[in-house]
$ cat work_34.cif   # mmCIF, C-alpha atoms
data_run
#
loop_
_atom_site.label_atom_id
_atom_site.label_comp_id
_atom_site.auth_asym_id
_atom_site.auth_seq_id
_atom_site.Cartn_x
_atom_site.Cartn_y
_atom_site.Cartn_z
CA MET A 509 -37.98 -4.34 5.14
CA THR A 510 -37.64 -4.25 1.39
CA ALA A 511 -34.10 -5.48 1.68
CA ALA A 512 -35.19 -8.29 3.98
CA ASN A 513 -37.86 -9.35 1.50
CA THR A 514 -35.34 -9.37 -1.28
CA GLN A 515 -33.00 -11.49 0.75
CA SER A 516 -35.58 -13.94 2.05
CA GLY A 517 -38.08 -13.82 -0.83
CA LYS A 518 -36.25 -14.82 -3.98
CA PRO A 519 -32.56 -15.23 -3.31
CA ALA A 520 -32.15 -18.09 -5.79
CA ALA A 521 -33.62 -16.11 -8.67
CA ALA A 522 -31.54 -13.05 -7.78
CA LYS A 523 -28.40 -15.15 -7.59
CA ALA A 524 -29.14 -16.83 -10.91
CA ALA A 525 -29.74 -13.48 -12.58
CA TRP A 526 -26.52 -11.98 -11.31
CA GLU A 527 -23.63 -11.79 -13.72
CA PRO A 528 -20.33 -10.31 -12.61
CA GLU A 529 -19.45 -6.91 -13.98
CA ILE A 530 -15.75 -6.56 -14.55
CA ILE A 531 -13.67 -3.66 -15.77
CA ALA A 532 -10.45 -4.45 -17.60
CA PHE A 533 -8.00 -1.56 -17.74
CA CYS A 534 -5.96 -2.48 -20.82
CA CYS A 535 -2.67 -0.97 -21.87
CA ASN A 536 -2.71 0.35 -25.43
CA TYR A 537 0.50 -1.42 -26.38
CA CYS A 538 -0.32 -4.96 -25.28
CA ALA A 539 -3.59 -6.03 -23.68
CA TYR A 540 -5.78 -3.71 -25.76
CA ALA A 541 -4.12 -4.98 -28.92
CA ALA A 542 -4.41 -8.55 -27.62
CA ALA A 543 -8.13 -8.02 -27.01
CA ASP A 544 -8.41 -6.60 -30.50
CA LEU A 545 -6.60 -9.61 -31.92
CA ALA A 546 -8.86 -11.94 -29.94
CA GLY A 547 -11.82 -10.20 -31.55
CA ALA A 548 -10.32 -10.40 -35.03
CA ARG A 549 -9.72 -14.12 -34.52
CA ARG A 550 -13.31 -14.57 -33.33
CA MET A 551 -12.13 -15.96 -29.98
CA GLN A 552 -14.91 -16.29 -27.44
CA TYR A 553 -14.62 -14.89 -23.94
CA PRO A 554 -17.20 -13.94 -21.32
CA PRO A 555 -19.09 -10.75 -22.13
CA ASN A 556 -18.90 -9.58 -18.51
CA VAL A 557 -15.79 -7.53 -19.16
CA ARG A 558 -15.86 -3.86 -20.10
CA ILE A 559 -12.54 -2.74 -21.50
CA VAL A 560 -11.12 0.66 -20.62
CA HIS A 561 -8.40 1.74 -23.00
CA SER A 562 -5.37 3.13 -21.20
CA PRO A 563 -2.14 4.56 -22.64
CA CYS A 564 -0.12 2.47 -20.14
CA THR A 565 -0.93 0.65 -16.91
CA GLY A 566 1.35 3.19 -15.25
CA LYS A 567 -1.25 5.83 -16.09
CA ILE A 568 -4.00 4.05 -14.19
CA GLU A 569 -4.46 5.97 -10.98
CA MET A 570 -5.38 4.25 -7.72
CA GLU A 571 -8.47 6.45 -7.59
CA HIS A 572 -9.76 4.95 -10.86
CA ILE A 573 -9.80 1.47 -9.40
CA LEU A 574 -11.23 2.52 -6.03
CA ALA A 575 -13.97 4.51 -7.78
CA ALA A 576 -14.92 1.44 -9.81
CA PHE A 577 -15.31 -0.66 -6.68
CA GLU A 578 -17.22 2.08 -4.88
CA LYS A 579 -19.68 2.18 -7.77
CA GLY A 580 -20.30 -1.54 -7.38
CA ILE A 581 -18.07 -3.15 -9.99
CA ASP A 582 -17.49 -6.79 -9.03
CA GLY A 583 -13.92 -7.15 -10.25
CA VAL A 584 -11.12 -5.23 -11.89
CA LEU A 585 -8.48 -6.63 -14.20
CA VAL A 586 -5.42 -4.54 -14.96
CA ALA A 587 -3.63 -5.85 -18.03
CA GLY A 588 -0.20 -4.52 -18.88
CA CYS A 589 2.86 -5.42 -20.88
CA LEU A 590 5.24 -8.21 -19.98
CA GLU A 591 7.74 -7.16 -17.34
CA GLY A 592 10.66 -5.54 -19.11
CA GLY A 593 8.50 -4.83 -22.16
CA CYS A 594 6.76 -1.60 -21.14
CA HIS A 595 6.64 1.01 -23.90
CA PHE A 596 7.39 3.59 -21.22
CA ILE A 597 10.15 1.47 -19.65
CA GLU A 598 8.65 0.83 -16.22
CA GLY A 599 5.00 1.91 -16.24
CA ASN A 600 3.83 -1.67 -15.71
CA LEU A 601 6.23 -2.17 -12.80
CA ARG A 602 4.92 0.95 -11.13
CA ALA A 603 1.38 -0.26 -11.73
CA LYS A 604 2.26 -3.59 -10.14
CA ARG A 605 3.29 -1.90 -6.89
CA ARG A 606 0.20 0.31 -6.88
CA ILE A 607 -2.06 -2.69 -7.48
CA GLU A 608 -0.46 -4.47 -4.53
CA HIS A 609 -1.15 -1.43 -2.38
CA ILE A 610 -4.79 -1.27 -3.45
CA ARG A 611 -5.19 -5.00 -2.87
CA ASP A 612 -4.03 -4.48 0.73
CA MET A 613 -6.42 -1.56 1.03
CA LEU A 614 -9.34 -3.60 -0.36
CA ASN A 615 -8.66 -6.22 2.30
CA GLU A 616 -8.70 -3.55 4.99
CA ILE A 617 -11.93 -2.11 3.61
CA GLY A 618 -13.59 -5.52 3.49
CA VAL A 619 -14.14 -5.74 -0.28
CA GLY A 620 -11.37 -8.34 -0.64
CA ALA A 621 -8.15 -8.33 -2.62
CA GLU A 622 -9.20 -11.23 -4.85
CA ARG A 623 -11.44 -8.92 -6.86
CA LEU A 624 -8.46 -7.03 -8.22
CA LYS A 625 -5.87 -8.70 -10.39
CA MET A 626 -3.01 -7.59 -12.58
CA VAL A 627 -1.77 -9.64 -15.51
CA ASN A 628 1.08 -9.19 -17.95
CA LEU A 629 0.95 -10.11 -21.62
CA SER A 630 2.06 -8.99 -25.04
CA ALA A 631 0.05 -7.73 -28.01
CA ALA A 632 0.34 -11.14 -29.68
CA MET A 633 -1.00 -13.07 -26.70
CA ALA A 634 -4.70 -13.04 -27.54
CA PRO A 635 -5.28 -16.57 -26.17
CA THR A 636 -3.64 -15.53 -22.88
CA PHE A 637 -5.88 -12.47 -22.70
CA VAL A 638 -8.94 -14.65 -23.20
CA GLU A 639 -7.71 -17.10 -20.58
CA ARG A 640 -7.05 -14.32 -18.02
CA VAL A 641 -10.49 -12.84 -18.60
CA ARG A 642 -12.08 -16.24 -18.07
CA GLU A 643 -10.05 -16.70 -14.90
CA ILE A 644 -11.14 -13.43 -13.31
CA VAL A 645 -14.76 -13.96 -14.33
CA GLU A 646 -14.60 -17.39 -12.70
CA THR A 647 -12.93 -16.01 -9.56
CA VAL A 648 -15.41 -13.19 -9.17
CA THR A 649 -18.37 -15.47 -9.90
CA LYS A 650 -17.25 -17.68 -7.03
CA LEU A 651 -16.83 -14.65 -4.75
CA GLY A 652 -20.32 -13.34 -5.57
CA PRO A 653 -21.39 -9.74 -6.10
CA ASN A 654 -19.37 -6.84 -4.78
CA PRO A 655 -20.75 -6.33 -1.26
CA LEU A 656 -21.05 -2.63 -2.09
CA LYS A 657 -23.21 -3.27 -5.12
CA ALA A 658 -26.61 -3.09 -3.39
CA SER A 659 -25.88 0.18 -1.63
CA ALA A 660 -24.29 1.60 -4.79
CA GLN A 661 -27.52 0.95 -6.70
CA GLN A 662 -29.62 2.41 -3.88
CA GLY A 663 -27.40 5.49 -3.93
CA ALA A 664 -27.84 5.78 -7.70
CA VAL A 665 -31.64 5.56 -7.36
CA SER A 666 -31.78 8.12 -4.57
CA LYS A 667 -29.72 10.54 -6.61
CA MET B 929 10.39 18.90 5.87
CA ILE B 930 8.06 17.09 8.26
CA VAL B 931 7.57 13.50 7.19
CA ALA B 932 4.40 11.62 8.06
CA SER B 933 2.73 8.36 7.13
CA PRO B 934 -0.96 7.49 6.79
CA LYS B 935 -2.83 5.69 9.52
CA PRO B 936 -4.43 2.38 8.51
CA VAL B 937 -7.99 2.56 7.21
CA THR B 938 -9.19 0.34 10.06
CA GLU B 939 -7.76 2.67 12.71
CA LEU B 940 -9.36 5.71 11.13
CA LYS B 941 -12.64 3.84 10.83
CA THR B 942 -12.60 3.19 14.57
CA ILE B 943 -11.79 6.84 15.28
CA LEU B 944 -14.71 8.02 13.15
CA ALA B 945 -17.20 5.41 14.37
CA SER B 946 -19.51 7.93 16.04
CA HIS B 947 -19.73 10.36 13.10
CA ASP B 948 -21.56 10.17 9.79
CA LYS B 949 -20.66 13.52 8.23
CA VAL B 950 -17.03 14.58 8.36
CA LEU B 951 -14.61 16.96 6.71
CA PHE B 952 -11.29 15.61 5.45
CA VAL B 953 -8.72 18.40 5.35
CA GLY B 954 -5.50 17.90 3.41
CA CYS B 955 -2.40 20.03 3.83
CA GLY B 956 -0.56 21.34 0.79
CA THR B 957 2.91 21.62 2.28
CA CYS B 958 5.18 18.95 3.86
CA VAL B 959 2.69 16.08 3.88
CA THR B 960 1.81 16.65 0.24
CA VAL B 961 5.48 16.34 -0.67
CA CYS B 962 5.85 13.16 1.39
CA LEU B 963 2.74 11.70 -0.27
CA ALA B 964 0.84 11.26 2.95
CA GLY B 965 -1.71 14.04 3.36
CA GLY B 966 -2.15 15.99 0.14
CA GLU B 967 -5.24 16.37 -2.01
CA ARG B 968 -4.66 13.02 -3.65
CA GLU B 969 -4.23 11.06 -0.43
CA VAL B 970 -7.35 12.71 0.98
CA GLY B 971 -9.24 11.50 -2.09
CA ILE B 972 -7.94 7.95 -1.86
CA LEU B 973 -8.71 7.62 1.84
CA SER B 974 -12.17 9.09 1.26
CA TYR B 975 -12.93 6.28 -1.19
CA ALA B 976 -11.66 3.72 1.29
CA MET B 977 -13.56 5.14 4.24
CA ARG B 978 -16.84 5.48 2.34
CA MET B 979 -16.60 1.87 1.17
CA ALA B 980 -15.63 0.53 4.60
CA ARG B 981 -18.51 2.34 6.28
CA ARG B 982 -21.04 1.24 3.68
CA LEU B 983 -20.02 -2.34 4.30
CA ASP B 984 -20.69 -1.75 8.01
CA LYS B 985 -24.16 -0.43 7.06
CA LYS B 986 -23.20 2.93 8.51
CA PRO B 987 -22.61 5.17 5.50
CA ILE B 988 -20.50 8.24 6.00
CA GLU B 989 -20.62 11.50 4.09
CA ILE B 990 -17.20 12.98 3.46
CA GLU B 991 -16.44 16.51 2.31
CA GLN B 992 -12.89 17.10 1.12
CA VAL B 993 -10.76 20.21 1.06
CA THR B 994 -7.02 20.80 0.91
CA ILE B 995 -5.47 24.03 2.10
CA GLU B 996 -2.01 25.40 1.56
CA ARG B 997 -0.87 25.07 5.18
CA GLN B 998 -2.73 23.83 8.22
CA CYS B 999 -0.24 25.26 10.67
CA GLU B 1000 -1.23 28.88 9.94
CA ASN B 1001 -4.53 30.45 10.84
CA GLU B 1002 -4.35 32.60 7.73
CA PHE B 1003 -5.02 29.52 5.64
CA ILE B 1004 -7.26 27.74 8.14
CA LYS B 1005 -9.88 30.47 8.37
CA ASP B 1006 -11.07 29.80 4.83
CA ILE B 1007 -12.43 26.38 5.77
CA ALA B 1008 -14.54 27.63 8.70
CA PRO B 1009 -17.86 27.28 6.79
CA ALA B 1010 -16.97 23.72 5.75
CA VAL B 1011 -16.10 22.83 9.34
CA GLU B 1012 -19.45 24.20 10.50
CA ARG B 1013 -21.25 21.98 7.97
CA ASN B 1014 -19.69 18.80 9.38
CA GLN B 1015 -19.75 16.91 12.66
CA ALA B 1016 -16.00 16.38 12.84
CA VAL B 1017 -12.74 17.22 11.12
CA VAL B 1018 -10.08 14.77 10.02
CA SER B 1019 -6.77 16.50 9.54
CA PHE B 1020 -4.24 15.11 7.08
CA ALA B 1021 -1.52 17.37 8.44
CA CYS B 1022 1.37 16.84 10.83
CA GLY B 1023 0.67 17.03 14.54
CA ALA B 1024 1.14 20.80 14.45
CA GLY B 1025 -1.55 21.18 11.79
CA VAL B 1026 -3.99 18.95 13.66
CA GLN B 1027 -3.56 21.00 16.81
CA ALA B 1028 -3.82 24.28 14.94
CA LEU B 1029 -7.22 23.16 13.58
CA ALA B 1030 -8.31 21.97 17.03
CA GLU B 1031 -7.43 25.34 18.55
CA ARG B 1032 -9.15 27.25 15.78
CA PHE B 1033 -12.37 25.18 15.94
CA PRO B 1034 -13.06 24.50 19.65
CA ASN B 1035 -16.59 23.20 19.02
CA ARG B 1036 -15.61 20.44 16.60
CA PRO B 1037 -13.65 17.25 17.22
CA VAL B 1038 -10.44 17.18 15.17
CA TYR B 1039 -8.77 13.84 14.49
CA ALA B 1040 -5.37 13.03 13.01
CA ALA B 1041 -5.30 10.89 9.88
CA LEU B 1042 -1.51 10.62 9.83
CA ASN B 1043 1.27 9.49 12.10
CA THR B 1044 3.80 12.32 12.16
CA GLN B 1045 7.24 10.76 11.99
CA PHE B 1046 10.26 13.04 11.75
CA LEU B 1047 12.13 15.93 10.15
CA GLY B 1048 13.78 14.49 7.11
CA ILE B 1049 14.50 14.61 3.43
CA LEU B 1050 13.53 12.74 0.30
CA GLU B 1051 16.36 10.26 -0.14
CA ASP B 1052 14.99 8.55 -3.25
CA GLN B 1053 11.59 8.24 -4.92
CA ALA B 1054 9.19 7.56 -2.00
CA VAL B 1055 12.06 7.03 0.48
CA TRP B 1056 12.46 9.49 3.33
CA THR B 1057 15.13 9.53 6.02
CA GLU B 1058 15.39 11.38 9.29
CA LYS B 1059 18.04 14.09 9.41
CA CYS B 1060 17.16 16.40 12.28
CA LEU B 1061 15.92 15.87 15.81
CA GLY B 1062 15.11 19.53 16.41
CA CYS B 1063 17.26 19.50 19.55
CA GLY B 1064 17.44 23.29 19.71
CA ASP B 1065 21.23 23.49 19.87
CA CYS B 1066 22.62 22.69 16.43
CA MET B 1067 26.07 21.09 16.40
CA LEU B 1068 26.35 20.46 12.67
CA ALA B 1069 29.28 22.85 12.26
CA GLN B 1070 31.48 20.56 14.38
CA PHE B 1071 30.60 17.41 12.48
CA GLY B 1072 30.95 18.45 8.87
CA GLY B 1073 27.20 18.90 8.41
CA ILE B 1074 26.24 15.38 9.49
CA CYS B 1075 24.27 15.13 12.70
CA PRO B 1076 25.34 12.38 15.10
CA VAL B 1077 22.60 13.41 17.51
CA THR B 1078 20.01 12.30 14.95
CA ARG B 1079 21.81 9.78 12.81
CA CYS B 1080 23.92 7.87 15.33
CA ALA B 1081 21.67 5.36 17.11
CA LYS B 1082 23.57 6.00 20.35
CA ARG B 1083 23.85 9.76 19.82
CA LEU B 1084 27.60 9.61 20.42
CA LEU B 1085 29.46 12.89 20.08
CA ASN B 1086 33.06 11.71 20.28
CA GLY B 1087 33.53 9.06 17.65
CA PRO B 1088 31.94 5.77 16.68
CA CYS B 1089 30.90 3.12 19.18
CA GLY B 1090 32.99 0.29 17.75
CA GLY B 1091 29.93 -1.79 16.94
CA SER B 1092 29.61 -0.65 13.37
CA THR B 1093 30.43 -3.15 10.66
CA GLU B 1094 32.01 -1.92 7.46
CA GLU B 1095 30.11 1.32 7.01
CA CYS B 1096 26.85 0.27 8.65
CA CYS B 1097 25.31 0.87 12.03
CA GLU B 1098 25.10 -2.18 14.29
CA VAL B 1099 21.54 -1.28 15.22
CA ASP B 1100 20.32 -1.46 11.62
CA LYS B 1101 22.45 -2.82 8.80
CA ASP B 1102 20.60 -0.70 6.26
CA ARG B 1103 21.58 2.47 8.07
CA PRO B 1104 24.99 4.01 7.43
CA CYS B 1105 27.18 4.64 10.47
CA ALA B 1106 26.90 8.38 11.12
CA TRP B 1107 30.47 8.50 12.36
CA GLN B 1108 31.78 6.87 9.22
CA LEU B 1109 29.96 9.55 7.25
CA ILE B 1110 31.35 12.28 9.50
CA TYR B 1111 34.89 10.97 9.07
CA LYS B 1112 34.60 10.85 5.28
CA ARG B 1113 33.02 14.25 5.14
CA LEU B 1114 35.60 15.93 7.39
CA LYS B 1115 38.39 14.27 5.42
CA GLY B 1116 36.85 15.54 2.18
CA ILE B 1117 36.73 19.12 3.39
CA GLY B 1118 40.16 19.00 5.09
CA GLN B 1119 38.85 19.36 8.63
CA LEU B 1120 39.86 16.06 10.18
CA ASP B 1121 41.51 17.99 13.02
CA ARG B 1122 38.03 18.67 14.36
CA LEU B 1123 37.92 15.06 15.50
CA GLU B 1124 40.73 15.77 17.97
CA GLN B 1125 38.52 18.16 19.91
CA ILE B 1126 36.66 16.56 22.79
CA VAL B 1127 32.98 17.46 22.61
CA PRO B 1128 31.51 18.01 26.08
CA PRO B 1129 28.20 16.41 27.03
CA LYS B 1130 25.37 17.95 25.05
CA ASP B 1131 23.23 20.59 26.66
CA TRP B 1132 19.74 19.17 26.30
CA ARG B 1133 17.99 22.10 27.94
CA PRO B 1134 16.99 23.68 24.61
CA ALA B 1135 15.43 20.36 23.56
CA TRP B 1136 11.87 19.33 24.43
CA HIS B 1137 12.74 17.88 27.83
CA GLY B 1138 11.33 20.94 29.55
CA GLY B 1139 8.03 20.64 27.72
CA ALA B 1140 6.78 22.36 24.57
CA ARG B 1141 9.11 25.09 23.40
CA LYS B 1142 8.31 28.62 22.35
CA ILE B 1143 10.27 31.15 20.34
CA VAL B 1144 9.60 34.87 20.40
CA ARG B 1145 11.54 37.02 17.93
CA GLN B 1146 11.08 40.57 19.12
CA GLU B 1147 12.59 42.09 15.97
CA HIS B 1148 9.72 40.68 13.94
CA ARG B 1149 6.90 41.36 16.37
CA VAL B 1150 4.35 43.95 15.42
#
$ encode --input "work_34.cif" --output "structure tokens"
Amino acid sequence: MTAANTQSGKPAAAKAAWEPEIIAFCCNYCAYAAADLAGARRMQYPPNVRIVHSPCTGKIEMEHILAAFEKGIDGVLVAGCLEGGCHFIEGNLRAKRRIEHIRDMLNEIGVGAERLKMVNLSAAMAPTFVERVREIVETVTKLGPNPLKASAQQGAVSK
Amino acid sequence: MIVASPKPVTELKTILASHDKVLFVGCGTCVTVCLAGGEREVGILSYAMRMARRLDKKPIEIEQVTIERQCENEFIKDIAPAVERNQAVVSFACGAGVQALAERFPNRPVYAALNTQFLGILEDQAVWTEKCLGCGDCMLAQFGGICPVTRCAKRLLNGPCGGSTEECCEVDKDRPCAWQLIYKRLKGIGQLDRLEQIVPPKDWRPAWHGGARKIVRQEHRV
């Protein structure tokens, strides 16, 4: 009944208040440095992104991404080095295949593959980083909140 | 080892539709090595299943455990309390493991999370190929250690079919012709004369055609 009231009572206000929450898993050798550079250059990008520092995109386990979605995160960006430029030779290529697998899985689950994206850039590509962040924020904003978000919050309250 | 592959999330969701508290049991032997049913795969599928069920407004509670081997009661008995706590069991083992759990826990439904595929080996990272059919009458000695019963699409025992192109099977161009491999292997070990022997039709009686097989080794019985 409470849920019904929320849906029928003030949907417009709830929708207006909602801002996408996005996690960006950033490789230490490129995207993290690019984000750092973007900050140093005072470049503006949406504040919806929380950066998780990773030693390499190849170190990002599938469970990390699935756990983020289960907890209600609206989108995940995985940012690794340019193909051929991985500090660990092929960590980003391995990550690419894993991301594709999780995207398929997210479609099967019903969350939708569009909420997960992998991008490749170098440490000097701060403008690209900013652009990619804007793109995923825009994509996820159009998609709306993670359908698991409401139940994730209820679960958190009940615990 | 036994090679298996995971069932799709949607199929497993349908199987578990009537339960809301289940135990996922991984197996630490073959299916862990073939990246299908080990502790990690159990964890990943648990995430997927919980999310899928929450989206259907039918949340599911999943308890996870991985044991060393599901095909031996010695290892299974340790999970009895966990099985009792749950409505159903989802086994991430091969078909033998699933059935061993079902026999051990007659009052709980046991479902298979994997499709058991074949007896094979790790060919390359995350690539497995079938090597043995388990026919019960091994003929590898005659063929230089390469099994035409398993690896020849037509199971020919007296030379290639003539349909192979270059070194590939005509049924699947990515599959090497077993008889080409046998020829090279016998040549390499100086046993090409074996090819002059006519191999009689295979005795299939020791295979599964008579139903499930059983082996009793009296010397090891206690």
$ closest_atom_pairs --input "work_34.cif" --of "chain B" --to "chain A" --cutoff "7 Å" --atoms "all atoms listed in the file" --output "CSV"
residue,atom,partner,partner_atom,distance
B:Val937,CA,A:Glu616,CA,6.5
B:Thr938,CA,A:Glu616,CA,6.4
B:Ile972,CA,A:Glu571,CA,5.9
B:Tyr975,CA,A:Leu574,CA,6.4
B:Ala976,CA,A:Ile617,CA,6.3
B:Met979,CA,A:Glu578,CA,6.1
B:Ala980,CA,A:Ile617,CA,4.7
B:Arg982,CA,A:Leu656,CA,6.9
B:Leu983,CA,A:Leu656,CA,6.5
$ write_last_selection --input "work_34.cif" --atoms "C-alpha atoms" --output "JSON list (two decimals), in the frame of the given file"
[["chain", "number", "residue", "atom", "x", "y", "z"],
["B", 937, "VAL", "CA", -7.99, 2.56, 7.21],
["B", 938, "THR", "CA", -9.19, 0.34, 10.06],
["B", 972, "ILE", "CA", -7.94, 7.95, -1.86],
["B", 975, "TYR", "CA", -12.93, 6.28, -1.19],
["B", 976, "ALA", "CA", -11.66, 3.72, 1.29],
["B", 979, "MET", "CA", -16.60, 1.87, 1.17],
["B", 980, "ALA", "CA", -15.63, 0.53, 4.60],
["B", 982, "ARG", "CA", -21.04, 1.24, 3.68],
["B", 983, "LEU", "CA", -20.02, -2.34, 4.30]]
$ atom_distance --input "work_34.cif" --atom1 "CA of Val1127 (chain B)" --atom2 "CA of Lys1059 (chain B)"
20.2 Å
$ residues_around --input "work_34.cif" --residues "region 1107-1111 of chain B" --least-positions-apart "3" --cutoff "12 Å" --atoms "all atoms listed in the file" --output "JSON, numbers by chain"
{"B": [1068, 1069, 1070, 1071, 1072, 1073, 1074, 1075, 1076, 1077, 1078, 1079, 1080, 1081, 1082, 1083, 1084, 1085, 1086, 1087, 1088, 1089, 1090, 1091, 1092, 1093, 1094, 1095, 1096, 1097, 1103, 1104, 1114, 1115, 1116, 1117, 1118, 1119, 1120, 1121, 1122, 1123, 1124]}
$ resolve_selection --input "work_34.cif" --expression "the PyMOL selection byres ((chain B and resi 1029) around 10)" --output "list in words"
Val953, Gln998, Cys999, Glu1000, Asn1001, Ile1004, Lys1005, Ile1007, Ala1008, Val1011, Val1017, Val1018, Ser1019, Ala1021, Ala1024, Gly1025, Val1026, Gln1027, Ala1028, Ala1030, Glu1031, Arg1032, Phe1033, Pro1034, Arg1036, Pro1037, Val1038 and Tyr1039 of chain B
$ atom_distance --input "work_34.cif" --atom1 "CA of Gly966 (chain B)" --atom2 "CA of Thr994 (chain B)"
6.9 Å
$ closest_residue --input "work_34.cif" --among "A:Ile530, A:Leu624, A:Val648, A:Ala634" --to "Glu608 (chain A)" --atoms "all atoms listed in the file"
A:Leu624
$ residues_around --input "work_34.cif" --residues "Leu963 (chain B)" --least-positions-apart "3" --cutoff "10 Å" --atoms "all atoms listed in the file" --output "list in words"
Val931, Ala932, Ser933, Pro934, Cys958, Val959, Thr960, Gly966, Glu967, Arg968, Glu969 and Ala1054 of chain B
$ residues_around --input "work_34.cif" --residues "Leu601 (chain A)" --least-positions-apart "3" --cutoff "12 Å" --atoms "all atoms listed in the file" --output "list in words"
Cys564, Thr565, Gly566, Lys567, Ala587, Gly588, Cys589, Leu590, Glu591, Gly592, Gly593, Cys594, His595, Phe596, Ile597, Glu598, Lys604, Arg605, Arg606, Ile607, Glu608, Met626, Val627 and Asn628 of chain A
$ residues_around --input "work_34.cif" --residues "region 1131-1136 of chain B" --least-positions-apart "4" --cutoff "7 Å" --atoms "only C-alpha atoms" --output "ChimeraX atom specification"
/B:1063-1065,1140-1141
$ resolve_selection --input "work_34.cif" --expression "the PyMOL selection byres ((chain A and resi 554) around 9)" --output "ChimeraX atom specification"
/A:552-553,555-557,638,641-642,645
$ residues_around --input "work_34.cif" --residues "Ile559 (chain A)" --least-positions-apart "3" --cutoff "12 Å" --atoms "only C-alpha atoms" --output "ChimeraX atom specification"
/A:529-536,539-544,555-556,562,584-587,637,641
$ atom_distance --input "work_34.cif" --atom1 "CA of Phe1020 (chain B)" --atom2 "CA of Leu973 (chain B)"
10.2 Å
$ closest_residue --input "work_34.cif" --among "A:Ala546, A:Tyr537, A:Lys650, A:Ile581" --to "Arg558 (chain A)" --atoms "all atoms listed in the file"
A:Ile581
$ resolve_selection --input "work_34.cif" --expression "the PyMOL selection byres ((chain B and resi 948) around 7)" --output "MDAnalysis selection string"
chainID B and resid 946:947 949:950 987:989
$ write_last_selection --input "work_34.cif" --atoms "C-alpha atoms" --output "mmCIF file, in the frame of the given file"
data_model
loop_
_atom_site.group_PDB
_atom_site.id
_atom_site.type_symbol
_atom_site.label_atom_id
_atom_site.label_comp_id
_atom_site.auth_asym_id
_atom_site.auth_seq_id
_atom_site.Cartn_x
_atom_site.Cartn_y
_atom_site.Cartn_z
ATOM 1 C CA SER B 946 -19.510 7.930 16.040
ATOM 2 C CA HIS B 947 -19.730 10.360 13.100
ATOM 3 C CA LYS B 949 -20.660 13.520 8.230
ATOM 4 C CA VAL B 950 -17.030 14.580 8.360
ATOM 5 C CA PRO B 987 -22.610 5.170 5.500
ATOM 6 C CA ILE B 988 -20.500 8.240 6.000
ATOM 7 C CA GLU B 989 -20.620 11.500 4.090
#
